[in-house]
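Dumped coords13.cif below, it's mmCIF, C-alpha atoms:
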data_my_file
#
loop_
_atom_site.group_PDB
_atom_site.id
_atom_site.type_symbol
_atom_site.label_atom_id
_atom_site.label_comp_id
_atom_site.auth_asym_id
_atom_site.auth_seq_id
_atom_site.Cartn_x
_atom_site.Cartn_y
_atom_site.Cartn_z
ATOM 1 C CA MET D 1 1.430 -20.418 -9.913
ATOM 2 C CA THR D 2 -0.875 -17.516 -10.563
ATOM 3 C CA THR D 3 -1.313 -14.045 -9.112
ATOM 4 C CA LEU D 4 -3.865 -13.701 -6.328
ATOM 5 C CA TYR D 5 -6.292 -10.775 -6.351
ATOM 6 C CA PHE D 6 -7.924 -9.920 -3.028
ATOM 7 C CA THR D 7 -10.790 -7.459 -2.650
ATOM 8 C CA HIS D 8 -14.173 -7.133 -0.931
ATOM 9 C CA ASP D 9 -17.319 -5.097 -1.488
ATOM 10 C CA ALA D 10 -16.957 -3.724 2.054
ATOM 11 C CA GLY D 11 -14.462 -1.327 0.488
ATOM 12 C CA LEU D 12 -17.430 0.313 -1.255
ATOM 13 C CA ALA D 13 -19.139 0.996 2.103
ATOM 14 C CA HIS D 14 -16.412 3.292 3.496
ATOM 15 C CA LEU D 15 -18.032 6.610 2.649
ATOM 16 C CA THR D 16 -16.445 10.046 2.475
ATOM 17 C CA PRO D 17 -18.084 13.448 1.893
ATOM 18 C CA ALA D 18 -19.117 14.479 -1.618
ATOM 19 C CA GLY D 19 -16.142 15.722 -3.601
ATOM 20 C CA HIS D 20 -13.587 13.899 -1.444
ATOM 21 C CA ALA D 21 -10.654 12.537 -3.458
ATOM 22 C CA GLU D 22 -10.601 9.175 -1.641
ATOM 23 C CA GLN D 23 -13.985 8.060 -2.908
ATOM 24 C CA VAL D 24 -15.884 4.847 -3.546
ATOM 25 C CA ALA D 25 -15.389 5.337 -7.303
ATOM 26 C CA ARG D 26 -11.667 4.610 -6.879
ATOM 27 C CA LEU D 27 -12.325 0.976 -6.002
ATOM 28 C CA ARG D 28 -14.874 0.674 -8.787
ATOM 29 C CA ALA D 29 -12.264 1.959 -11.254
ATOM 30 C CA VAL D 30 -9.824 -0.718 -10.083
ATOM 31 C CA HIS D 31 -12.480 -3.428 -10.327
ATOM 32 C CA ALA D 32 -13.345 -2.320 -13.862
ATOM 33 C CA ALA D 33 -9.713 -2.356 -14.951
ATOM 34 C CA LEU D 34 -9.111 -5.854 -13.561
ATOM 35 C CA ASP D 35 -12.342 -7.226 -14.979
ATOM 36 C CA ALA D 36 -10.868 -6.912 -18.485
ATOM 37 C CA PRO D 37 -10.205 -10.190 -20.348
ATOM 38 C CA ALA D 38 -6.441 -9.770 -19.938
ATOM 39 C CA PHE D 39 -6.892 -10.400 -16.211
ATOM 40 C CA ALA D 40 -9.117 -13.472 -16.427
ATOM 41 C CA ALA D 41 -6.313 -15.659 -15.039
ATOM 42 C CA LEU D 42 -6.167 -13.797 -11.732
ATOM 43 C CA GLU D 43 -7.177 -16.024 -8.831
ATOM 44 C CA ARG D 44 -9.826 -13.912 -7.110
ATOM 45 C CA ARG D 45 -10.302 -14.140 -3.357
ATOM 46 C CA THR D 46 -12.310 -12.118 -0.858
ATOM 47 C CA CYS D 47 -10.598 -10.226 1.936
ATOM 48 C CA PRO D 48 -11.352 -11.840 5.295
ATOM 49 C CA LEU D 49 -12.196 -9.750 8.319
ATOM 50 C CA ALA D 50 -9.025 -9.283 10.349
ATOM 51 C CA ASP D 51 -9.023 -10.226 13.991
ATOM 52 C CA PRO D 52 -8.648 -6.935 15.897
ATOM 53 C CA ALA D 53 -5.550 -8.454 17.502
ATOM 54 C CA GLU D 54 -3.838 -8.029 14.127
ATOM 55 C CA VAL D 55 -4.338 -4.255 14.324
ATOM 56 C CA LEU D 56 -2.769 -4.322 17.785
ATOM 57 C CA ARG D 57 0.499 -5.503 16.247
ATOM 58 C CA CYS D 58 1.049 -1.828 15.364
ATOM 59 C CA HIS D 59 -1.650 0.296 17.041
ATOM 60 C CA PRO D 60 -2.770 0.576 20.685
ATOM 61 C CA GLN D 61 -6.250 -0.402 21.848
ATOM 62 C CA ASP D 62 -7.429 3.208 22.145
ATOM 63 C CA HIS D 63 -6.631 3.763 18.461
ATOM 64 C CA LEU D 64 -8.678 0.705 17.526
ATOM 65 C CA ASP D 65 -11.490 1.916 19.784
ATOM 66 C CA ARG D 66 -11.479 5.325 18.109
ATOM 67 C CA ILE D 67 -11.852 3.798 14.652
ATOM 68 C CA GLY D 68 -14.571 1.509 15.999
ATOM 69 C CA GLN D 69 -16.667 4.289 17.513
ATOM 70 C CA PRO D 70 -20.368 4.141 16.571
ATOM 71 C CA VAL D 71 -21.365 6.214 13.560
ATOM 72 C CA ALA D 72 -25.021 6.814 12.841
ATOM 73 C CA GLU D 73 -26.427 5.667 9.515
ATOM 74 C CA GLY D 74 -26.097 8.412 6.912
ATOM 75 C CA GLU D 75 -23.491 10.354 8.886
ATOM 76 C CA VAL D 76 -19.718 10.734 8.681
ATOM 77 C CA VAL D 77 -17.365 11.552 11.552
ATOM 78 C CA GLN D 78 -14.366 13.740 10.798
ATOM 79 C CA LEU D 79 -11.117 12.520 12.382
ATOM 80 C CA ASP D 80 -8.821 15.127 10.853
ATOM 81 C CA PRO D 81 -9.145 17.572 7.936
ATOM 82 C CA ASP D 82 -8.914 14.719 5.397
ATOM 83 C CA THR D 83 -9.987 11.549 7.190
ATOM 84 C CA PHE D 84 -13.524 10.357 7.894
ATOM 85 C CA LEU D 85 -15.489 7.490 9.394
ATOM 86 C CA SER D 86 -18.833 6.233 8.112
ATOM 87 C CA PRO D 87 -20.903 3.289 9.406
ATOM 88 C CA GLY D 88 -19.039 0.925 7.047
ATOM 89 C CA SER D 89 -15.532 2.190 7.703
ATOM 90 C CA LEU D 90 -14.474 -0.196 10.465
ATOM 91 C CA GLU D 91 -15.367 -3.297 8.449
ATOM 92 C CA ALA D 92 -13.679 -1.884 5.338
ATOM 93 C CA ALA D 93 -10.483 -1.112 7.261
ATOM 94 C CA LEU D 94 -10.460 -4.507 8.993
ATOM 95 C CA ARG D 95 -10.969 -6.262 5.654
ATOM 96 C CA ALA D 96 -8.109 -4.213 4.175
ATOM 97 C CA VAL D 97 -5.888 -5.511 6.981
ATOM 98 C CA GLY D 98 -7.331 -8.990 6.593
ATOM 99 C CA GLY D 99 -6.771 -8.984 2.849
ATOM 100 C CA VAL D 100 -3.113 -8.033 3.034
ATOM 101 C CA ASN D 101 -2.536 -10.512 5.858
ATOM 102 C CA ALA D 102 -4.284 -13.267 3.887
ATOM 103 C CA ALA D 103 -2.151 -12.436 0.863
ATOM 104 C CA VAL D 104 0.992 -12.690 2.998
ATOM 105 C CA ASP D 105 -0.157 -16.017 4.414
ATOM 106 C CA ALA D 106 -0.910 -17.355 0.928
ATOM 107 C CA VAL D 107 2.344 -16.400 -0.759
ATOM 108 C CA LEU D 108 4.408 -17.636 2.188
ATOM 109 C CA ALA D 109 2.530 -20.940 1.955
ATOM 110 C CA GLY D 110 3.566 -21.192 -1.708
ATOM 111 C CA GLN D 111 0.024 -20.827 -3.052
ATOM 112 C CA ALA D 112 1.137 -18.068 -5.452
ATOM 113 C CA GLY D 113 4.230 -16.124 -6.344
ATOM 114 C CA ASN D 114 2.590 -12.782 -5.671
ATOM 115 C CA ALA D 115 -0.680 -11.040 -4.852
ATOM 116 C CA PHE D 116 -2.459 -7.713 -5.281
ATOM 117 C CA VAL D 117 -4.909 -6.386 -2.695
ATOM 118 C CA ALA D 118 -7.426 -3.771 -3.850
ATOM 119 C CA MET D 119 -9.168 -2.298 -0.832
ATOM 120 C CA ARG D 120 -9.873 1.059 0.691
ATOM 121 C CA PRO D 121 -9.299 3.000 2.867
ATOM 122 C CA PRO D 122 -5.563 3.086 2.174
ATOM 123 C CA GLY D 123 -3.132 2.714 5.057
ATOM 124 C CA HIS D 124 0.331 4.215 4.713
ATOM 125 C CA HIS D 125 -0.393 7.528 6.481
ATOM 126 C CA ALA D 126 -1.878 5.996 9.650
ATOM 127 C CA GLU D 127 0.591 6.536 12.481
ATOM 128 C CA THR D 128 0.719 4.595 15.730
ATOM 129 C CA THR D 129 -1.956 6.653 17.480
ATOM 130 C CA ARG D 130 -3.151 8.923 14.665
ATOM 131 C CA PRO D 131 -5.437 8.229 11.703
ATOM 132 C CA MET D 132 -4.635 10.725 8.979
ATOM 133 C CA GLY D 133 -4.334 11.309 5.254
ATOM 134 C CA PHE D 134 -7.410 9.172 4.394
ATOM 135 C CA CYS D 135 -5.889 6.236 6.350
ATOM 136 C CA LEU D 136 -7.186 4.399 9.427
ATOM 137 C CA PHE D 137 -4.859 1.412 10.023
ATOM 138 C CA GLY D 138 -1.286 0.906 8.805
ATOM 139 C CA THR D 139 -2.084 -2.097 6.634
ATOM 140 C CA ALA D 140 1.345 -2.623 5.051
ATOM 141 C CA ALA D 141 3.174 -2.292 8.368
ATOM 142 C CA ILE D 142 0.703 -4.617 10.110
ATOM 143 C CA ALA D 143 1.268 -7.235 7.401
ATOM 144 C CA ALA D 144 5.039 -6.863 7.780
ATOM 145 C CA LYS D 145 4.754 -7.411 11.525
ATOM 146 C CA ARG D 146 2.556 -10.469 10.946
ATOM 147 C CA ALA D 147 5.171 -11.917 8.614
ATOM 148 C CA LEU D 148 7.898 -11.309 11.167
ATOM 149 C CA ASP D 149 6.121 -12.307 14.362
ATOM 150 C CA HIS D 150 3.564 -14.897 13.224
ATOM 151 C CA HIS D 151 5.478 -16.526 10.378
ATOM 152 C CA GLY D 152 8.905 -16.058 11.934
ATOM 153 C CA LEU D 153 10.593 -14.323 9.027
ATOM 154 C CA ALA D 154 13.863 -12.568 9.753
ATOM 155 C CA ARG D 155 13.635 -9.743 7.182
ATOM 156 C CA VAL D 156 10.744 -8.043 5.360
ATOM 157 C CA ALA D 157 10.955 -5.101 2.935
ATOM 158 C CA VAL D 158 8.136 -2.571 2.511
ATOM 159 C CA LEU D 159 8.503 -0.505 -0.666
ATOM 160 C CA ASP D 160 6.293 2.560 -1.205
ATOM 161 C CA PHE D 161 6.060 4.409 -4.544
ATOM 162 C CA ASP D 162 2.978 6.488 -3.666
ATOM 163 C CA VAL D 163 3.539 10.189 -4.432
ATOM 164 C CA HIS D 164 2.977 11.034 -0.757
ATOM 165 C CA HIS D 165 5.468 9.903 1.860
ATOM 166 C CA GLY D 166 4.345 6.870 3.867
ATOM 167 C CA ASN D 167 4.781 8.596 7.194
ATOM 168 C CA GLY D 168 2.573 6.069 8.947
ATOM 169 C CA THR D 169 4.488 3.041 7.732
ATOM 170 C CA GLN D 170 7.727 4.807 8.687
ATOM 171 C CA ASP D 171 6.384 5.572 12.165
ATOM 172 C CA LEU D 172 5.168 2.024 12.721
ATOM 173 C CA LEU D 173 8.439 0.448 11.549
ATOM 174 C CA TRP D 174 10.913 3.077 12.795
ATOM 175 C CA ASN D 175 12.211 0.873 15.624
ATOM 176 C CA GLU D 176 11.922 -2.461 13.789
ATOM 177 C CA PRO D 177 15.376 -3.668 12.645
ATOM 178 C CA ARG D 178 13.834 -6.617 10.789
ATOM 179 C CA ALA D 179 11.875 -4.318 8.440
ATOM 180 C CA PHE D 180 13.426 -2.327 5.593
ATOM 181 C CA PHE D 181 11.198 0.577 4.520
ATOM 182 C CA ALA D 182 11.872 2.648 1.398
ATOM 183 C CA SER D 183 9.842 5.427 -0.171
ATOM 184 C CA THR D 184 9.984 7.745 -3.149
ATOM 185 C CA HIS D 185 7.667 10.734 -2.872
ATOM 186 C CA GLN D 186 7.260 14.316 -3.983
ATOM 187 C CA MET D 187 8.713 16.944 -1.667
ATOM 188 C CA PRO D 188 7.449 19.442 -0.726
ATOM 189 C CA LEU D 189 4.041 17.833 -0.405
ATOM 190 C CA TYR D 190 1.721 16.416 2.252
ATOM 191 C CA PRO D 191 2.462 15.116 4.883
ATOM 192 C CA GLY D 192 5.785 16.980 4.999
ATOM 193 C CA THR D 193 7.879 14.050 6.202
ATOM 194 C CA GLY D 194 10.299 11.807 4.318
ATOM 195 C CA ALA D 195 13.515 13.794 4.203
ATOM 196 C CA ALA D 196 16.588 11.840 3.156
ATOM 197 C CA GLY D 197 17.949 12.183 6.687
ATOM 198 C CA GLU D 198 15.073 10.163 8.161
ATOM 199 C CA THR D 199 16.762 6.757 8.296
ATOM 200 C CA GLY D 200 15.117 4.869 11.162
ATOM 201 C CA ALA D 201 16.439 3.735 14.510
ATOM 202 C CA HIS D 202 18.621 1.103 12.828
ATOM 203 C CA GLY D 203 19.441 2.773 9.498
ATOM 204 C CA GLN D 204 16.866 0.536 7.822
ATOM 205 C CA ILE D 205 14.729 3.323 6.301
ATOM 206 C CA VAL D 206 15.498 4.945 2.944
ATOM 207 C CA ASN D 207 13.702 8.096 1.799
ATOM 208 C CA VAL D 208 14.239 9.566 -1.655
ATOM 209 C CA PRO D 209 12.366 12.864 -2.074
ATOM 210 C CA LEU D 210 11.600 13.941 -5.652
ATOM 211 C CA ALA D 211 11.095 17.542 -6.734
ATOM 212 C CA PRO D 212 7.760 18.637 -8.230
ATOM 213 C CA GLY D 213 7.832 18.047 -11.972
ATOM 214 C CA SER D 214 10.140 15.045 -11.714
ATOM 215 C CA ASN D 215 9.473 12.610 -14.526
ATOM 216 C CA GLY D 216 9.365 8.849 -14.698
ATOM 217 C CA ALA D 217 13.028 8.519 -15.665
ATOM 218 C CA GLU D 218 13.974 10.156 -12.379
ATOM 219 C CA GLY D 219 11.594 7.881 -10.531
ATOM 220 C CA ARG D 220 13.015 4.777 -12.189
ATOM 221 C CA ALA D 221 16.579 5.846 -11.348
ATOM 222 C CA ALA D 222 15.605 6.434 -7.724
ATOM 223 C CA TRP D 223 14.136 2.951 -7.498
ATOM 224 C CA GLU D 224 17.161 1.317 -9.082
ATOM 225 C CA ALA D 225 19.299 2.847 -6.316
ATOM 226 C CA ILE D 226 16.818 1.878 -3.593
ATOM 227 C CA LEU D 227 16.625 -1.687 -4.838
ATOM 228 C CA GLN D 228 20.383 -2.087 -4.586
ATOM 229 C CA ARG D 229 19.967 -1.343 -0.873
ATOM 230 C CA ALA D 230 17.034 -3.737 -0.679
ATOM 231 C CA ARG D 231 19.069 -6.568 -2.253
ATOM 232 C CA ALA D 232 21.733 -6.074 0.397
ATOM 233 C CA PHE D 233 19.024 -6.360 3.071
ATOM 234 C CA ALA D 234 17.950 -9.694 1.475
ATOM 235 C CA PRO D 235 14.245 -9.674 2.382
ATOM 236 C CA GLU D 236 12.295 -12.903 2.651
ATOM 237 C CA LEU D 237 9.065 -11.084 1.708
ATOM 238 C CA VAL D 238 8.412 -7.862 -0.203
ATOM 239 C CA ILE D 239 5.317 -5.765 0.524
ATOM 240 C CA VAL D 240 4.554 -2.964 -1.942
ATOM 241 C CA SER D 241 2.540 0.107 -0.992
ATOM 242 C CA ALA D 242 1.247 0.701 -4.498
ATOM 243 C CA GLY D 243 0.032 4.262 -4.839
ATOM 244 C CA PHE D 244 -0.520 5.535 -8.372
ATOM 245 C CA ASP D 245 -0.813 9.266 -7.645
ATOM 246 C CA ALA D 246 2.630 10.041 -9.078
ATOM 247 C CA HIS D 247 0.851 9.825 -12.447
ATOM 248 C CA LEU D 248 0.947 12.981 -14.545
ATOM 249 C CA ALA D 249 -2.865 13.154 -14.546
ATOM 250 C CA ASP D 250 -3.298 12.948 -10.776
ATOM 251 C CA PRO D 251 -4.901 16.049 -9.235
ATOM 252 C CA LEU D 252 -3.241 15.846 -5.794
ATOM 253 C CA ALA D 253 0.421 16.072 -6.721
ATOM 254 C CA GLY D 254 2.915 17.210 -9.338
ATOM 255 C CA LEU D 255 5.087 14.318 -10.494
ATOM 256 C CA GLU D 256 4.994 13.320 -14.157
ATOM 257 C CA TRP D 257 4.972 9.541 -14.279
ATOM 258 C CA HIS D 258 3.068 7.431 -16.807
ATOM 259 C CA GLU D 259 1.804 3.856 -16.847
ATOM 260 C CA ASP D 260 5.048 2.603 -18.403
ATOM 261 C CA ASP D 261 6.930 3.968 -15.396
ATOM 262 C CA PHE D 262 4.798 1.852 -13.057
ATOM 263 C CA THR D 263 5.469 -1.095 -15.368
ATOM 264 C CA ALA D 264 9.228 -0.549 -15.216
ATOM 265 C CA ILE D 265 9.335 0.009 -11.456
ATOM 266 C CA THR D 266 7.207 -3.084 -10.836
ATOM 267 C CA HIS D 267 9.566 -5.144 -13.005
ATOM 268 C CA ALA D 268 12.539 -3.789 -11.066
ATOM 269 C CA ILE D 269 10.915 -4.649 -7.731
ATOM 270 C CA CYS D 270 10.126 -8.157 -8.978
ATOM 271 C CA ASP D 271 13.728 -8.566 -10.170
ATOM 272 C CA MET D 272 15.022 -7.708 -6.709
ATOM 273 C CA ALA D 273 12.474 -9.975 -5.043
ATOM 274 C CA ALA D 274 13.394 -12.855 -7.373
ATOM 275 C CA ASP D 275 17.086 -12.369 -6.602
ATOM 276 C CA CYS D 276 16.207 -12.781 -2.916
ATOM 277 C CA ALA D 277 13.689 -15.613 -3.495
ATOM 278 C CA ALA D 278 11.072 -13.404 -1.844
ATOM 279 C CA PRO D 279 7.375 -13.430 -2.786
ATOM 280 C CA VAL D 280 5.635 -10.087 -3.395
ATOM 281 C CA VAL D 281 2.400 -8.736 -1.930
ATOM 282 C CA SER D 282 1.145 -5.417 -3.297
ATOM 283 C CA THR D 283 -1.556 -3.320 -1.647
ATOM 284 C CA LEU D 284 -3.415 -0.330 -3.085
ATOM 285 C CA GLU D 285 -2.645 3.075 -1.630
ATOM 286 C CA GLY D 286 -3.347 6.336 -3.517
ATOM 287 C CA GLY D 287 -4.340 7.335 -7.041
ATOM 288 C CA TYR D 288 -7.086 9.915 -7.540
ATOM 289 C CA ASP D 289 -7.601 10.394 -11.273
ATOM 290 C CA LEU D 290 -9.956 7.509 -11.948
ATOM 291 C CA GLU D 291 -8.919 6.784 -15.530
ATOM 292 C CA ALA D 292 -5.197 7.030 -14.728
ATOM 293 C CA LEU D 293 -5.713 4.863 -11.650
ATOM 294 C CA GLY D 294 -7.377 2.107 -13.668
ATOM 295 C CA ARG D 295 -4.686 2.130 -16.353
ATOM 296 C CA SER D 296 -1.862 2.230 -13.813
ATOM 297 C CA VAL D 297 -3.258 -0.609 -11.719
ATOM 298 C CA ALA D 298 -3.647 -2.649 -14.905
ATOM 299 C CA ALA D 299 -0.020 -1.977 -15.821
ATOM 300 C CA HIS D 300 1.175 -2.953 -12.332
ATOM 301 C CA VAL D 301 -0.900 -6.132 -12.079
ATOM 302 C CA ALA D 302 0.032 -7.211 -15.618
ATOM 303 C CA VAL D 303 3.665 -7.320 -14.481
ATOM 304 C CA LEU D 304 2.765 -9.257 -11.340
ATOM 305 C CA MET D 305 0.943 -11.809 -13.492
ATOM 306 C CA GLU D 306 3.890 -12.079 -15.879
ATOM 307 C CA ARG D 307 6.385 -12.501 -13.056
ATOM 308 C CA GLY D 308 4.343 -14.557 -10.612
ATOM 309 C CA GLY D 309 2.755 -17.071 -12.938
#

structure tokens encoding of this file:
Amino acid sequence: MTTLYFTHDAGLAHLTPAGHAEQVARLRAVHAALDAPAFAALERRTCPLADPAEVLRCHPQDHLDRIGQPVAEGEVVQLDPDTFLSPGSLEAALRAVGGVNAAVDAVLAGQAGNAFVAMRPPGHHAETTRPMGFCLFGTAAIAAKRALDHHGLARVAVLDFDVHHGNGTQDLLWNEPRAFFASTHQMPLYPGTGAAGETGAHGQIVNVPLAPGSNGAEGRAAWEAILQRARAFAPELVIVSAGFDAHLADPLAGLEWHEDDFTAITHAICDMAADCAAPVVSTLEGGYDLEALGRSVAAHVAVLMERGG
């Protein structure tokens, strides 16, 4: 089996104001990195448009309606200090949901051992009724709920190594005993959540805050401890919120990871998943230095190809 790679050009039509960190160029940098000859064996698929009912697995109708509000051509609508809508945003966000859901469907059907979904906007900050932090829909959490409720899985793990805490994923899965959510993230840093004492309604959430300046060795050690907990949970599917903004070069945070740290952490996640006979679906979150983002995605996907082939 190969590694599936889902993306769609609709991700280039979600526009943000000039100078915004979450920009169209991010997706182009990922495309360029994965167009290298080393990634020729990826099985490339386009992200389908999600049925709006999929969004309603985690968000209420009024949240969906807010994201679907009309936006005039050439304009952007500000939802919060960091989060914007453009005329192409709804399709981009629905294809992000559709891509991760399609990846889940494919790996659970045995079509591949793992998959990577490169779309924007990201998703892990979107709370139940609140778009925020560049995010419109909680893509990883929605995919977890699809796996649980549509496919009938008993246990799904969502693992988030973005430098910012996945407050949205935590909010959406807080009361879900069938979902294990774990995050490493810099603290203090936006959005200000993710203290170690935030453990979910069923003790199924693990937060490991890292101090500014923490290096990759500290990140690797944190993930080794988290993955011991994940093995005990025995997930049937692993969803990775793959943010690459813990990189030393990233302008929005202060951790000091390198590409080899993403390589090591991805290997460790794949080891845990293999021990549990669980396929892996990874979805792009943050990463705002374009060169570091491209190199880090390449490092991450190279491991997926090695482990999923």

*Which residue gives the smallest distance to Leu248 of chain D among D:Gln61, D:Thr283, D:Asn215, D:Thr129, with all atoms listed in the file counted?*
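With all atoms listed in the file as the atom set, the closest residue is D:Asn215.
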
*Can you list, as a PyMOL selection string, the residues that the PyMOL selection byres ((chain D and resi 180) around 7) selects here?*
chain D and resi 156-158+178-179+181-182+204-205

*asked:* Can you spell out as a PyMOL selection string the set of residues that the PyMOL selection byres ((chain D and resi 245) around 6) selects in the structure I just provided?
replied: chain D and resi 163+243-244+246-247+250+286-287

*If we count all atoms listed in the file, what is near Ala273 of chain D at a cut-off of 7 Å, once residues fewer than 5 positions away on the same chain are taken out, given as a count of residues only?*
3

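For the pair atom CA of Phe84 of chain D and atom CA of Met187 of chain D, the separation is 25.1 Å.
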
Excluding same-chain residues fewer than 4 positions from Ala112 of chain D, what lies within 12 Å of it counting all atoms listed in the file, as a CSV table (one decimal) with C-alpha atoms, keeping the file's coordinate frame?
chain,number,residue,atom,x,y,z
D,1,MET,CA,1.4,-20.4,-9.9
D,2,THR,CA,-0.9,-17.5,-10.6
D,3,THR,CA,-1.3,-14.0,-9.1
D,4,LEU,CA,-3.9,-13.7,-6.3
D,5,TYR,CA,-6.3,-10.8,-6.4
D,42,LEU,CA,-6.2,-13.8,-11.7
D,43,GLU,CA,-7.2,-16.0,-8.8
D,44,ARG,CA,-9.8,-13.9,-7.1
D,102,ALA,CA,-4.3,-13.3,3.9
D,103,ALA,CA,-2.2,-12.4,0.9
D,104,VAL,CA,1.0,-12.7,3.0
D,105,ASP,CA,-0.2,-16.0,4.4
D,106,ALA,CA,-0.9,-17.4,0.9
D,107,VAL,CA,2.3,-16.4,-0.8
D,108,LEU,CA,4.4,-17.6,2.2
D,116,PHE,CA,-2.5,-7.7,-5.3
D,278,ALA,CA,11.1,-13.4,-1.8
D,279,PRO,CA,7.4,-13.4,-2.8
D,280,VAL,CA,5.6,-10.1,-3.4
D,281,VAL,CA,2.4,-8.7,-1.9
D,304,LEU,CA,2.8,-9.3,-11.3
D,305,MET,CA,0.9,-11.8,-13.5
D,307,ARG,CA,6.4,-12.5,-13.1
D,308,GLY,CA,4.3,-14.6,-10.6
D,309,GLY,CA,2.8,-17.1,-12.9
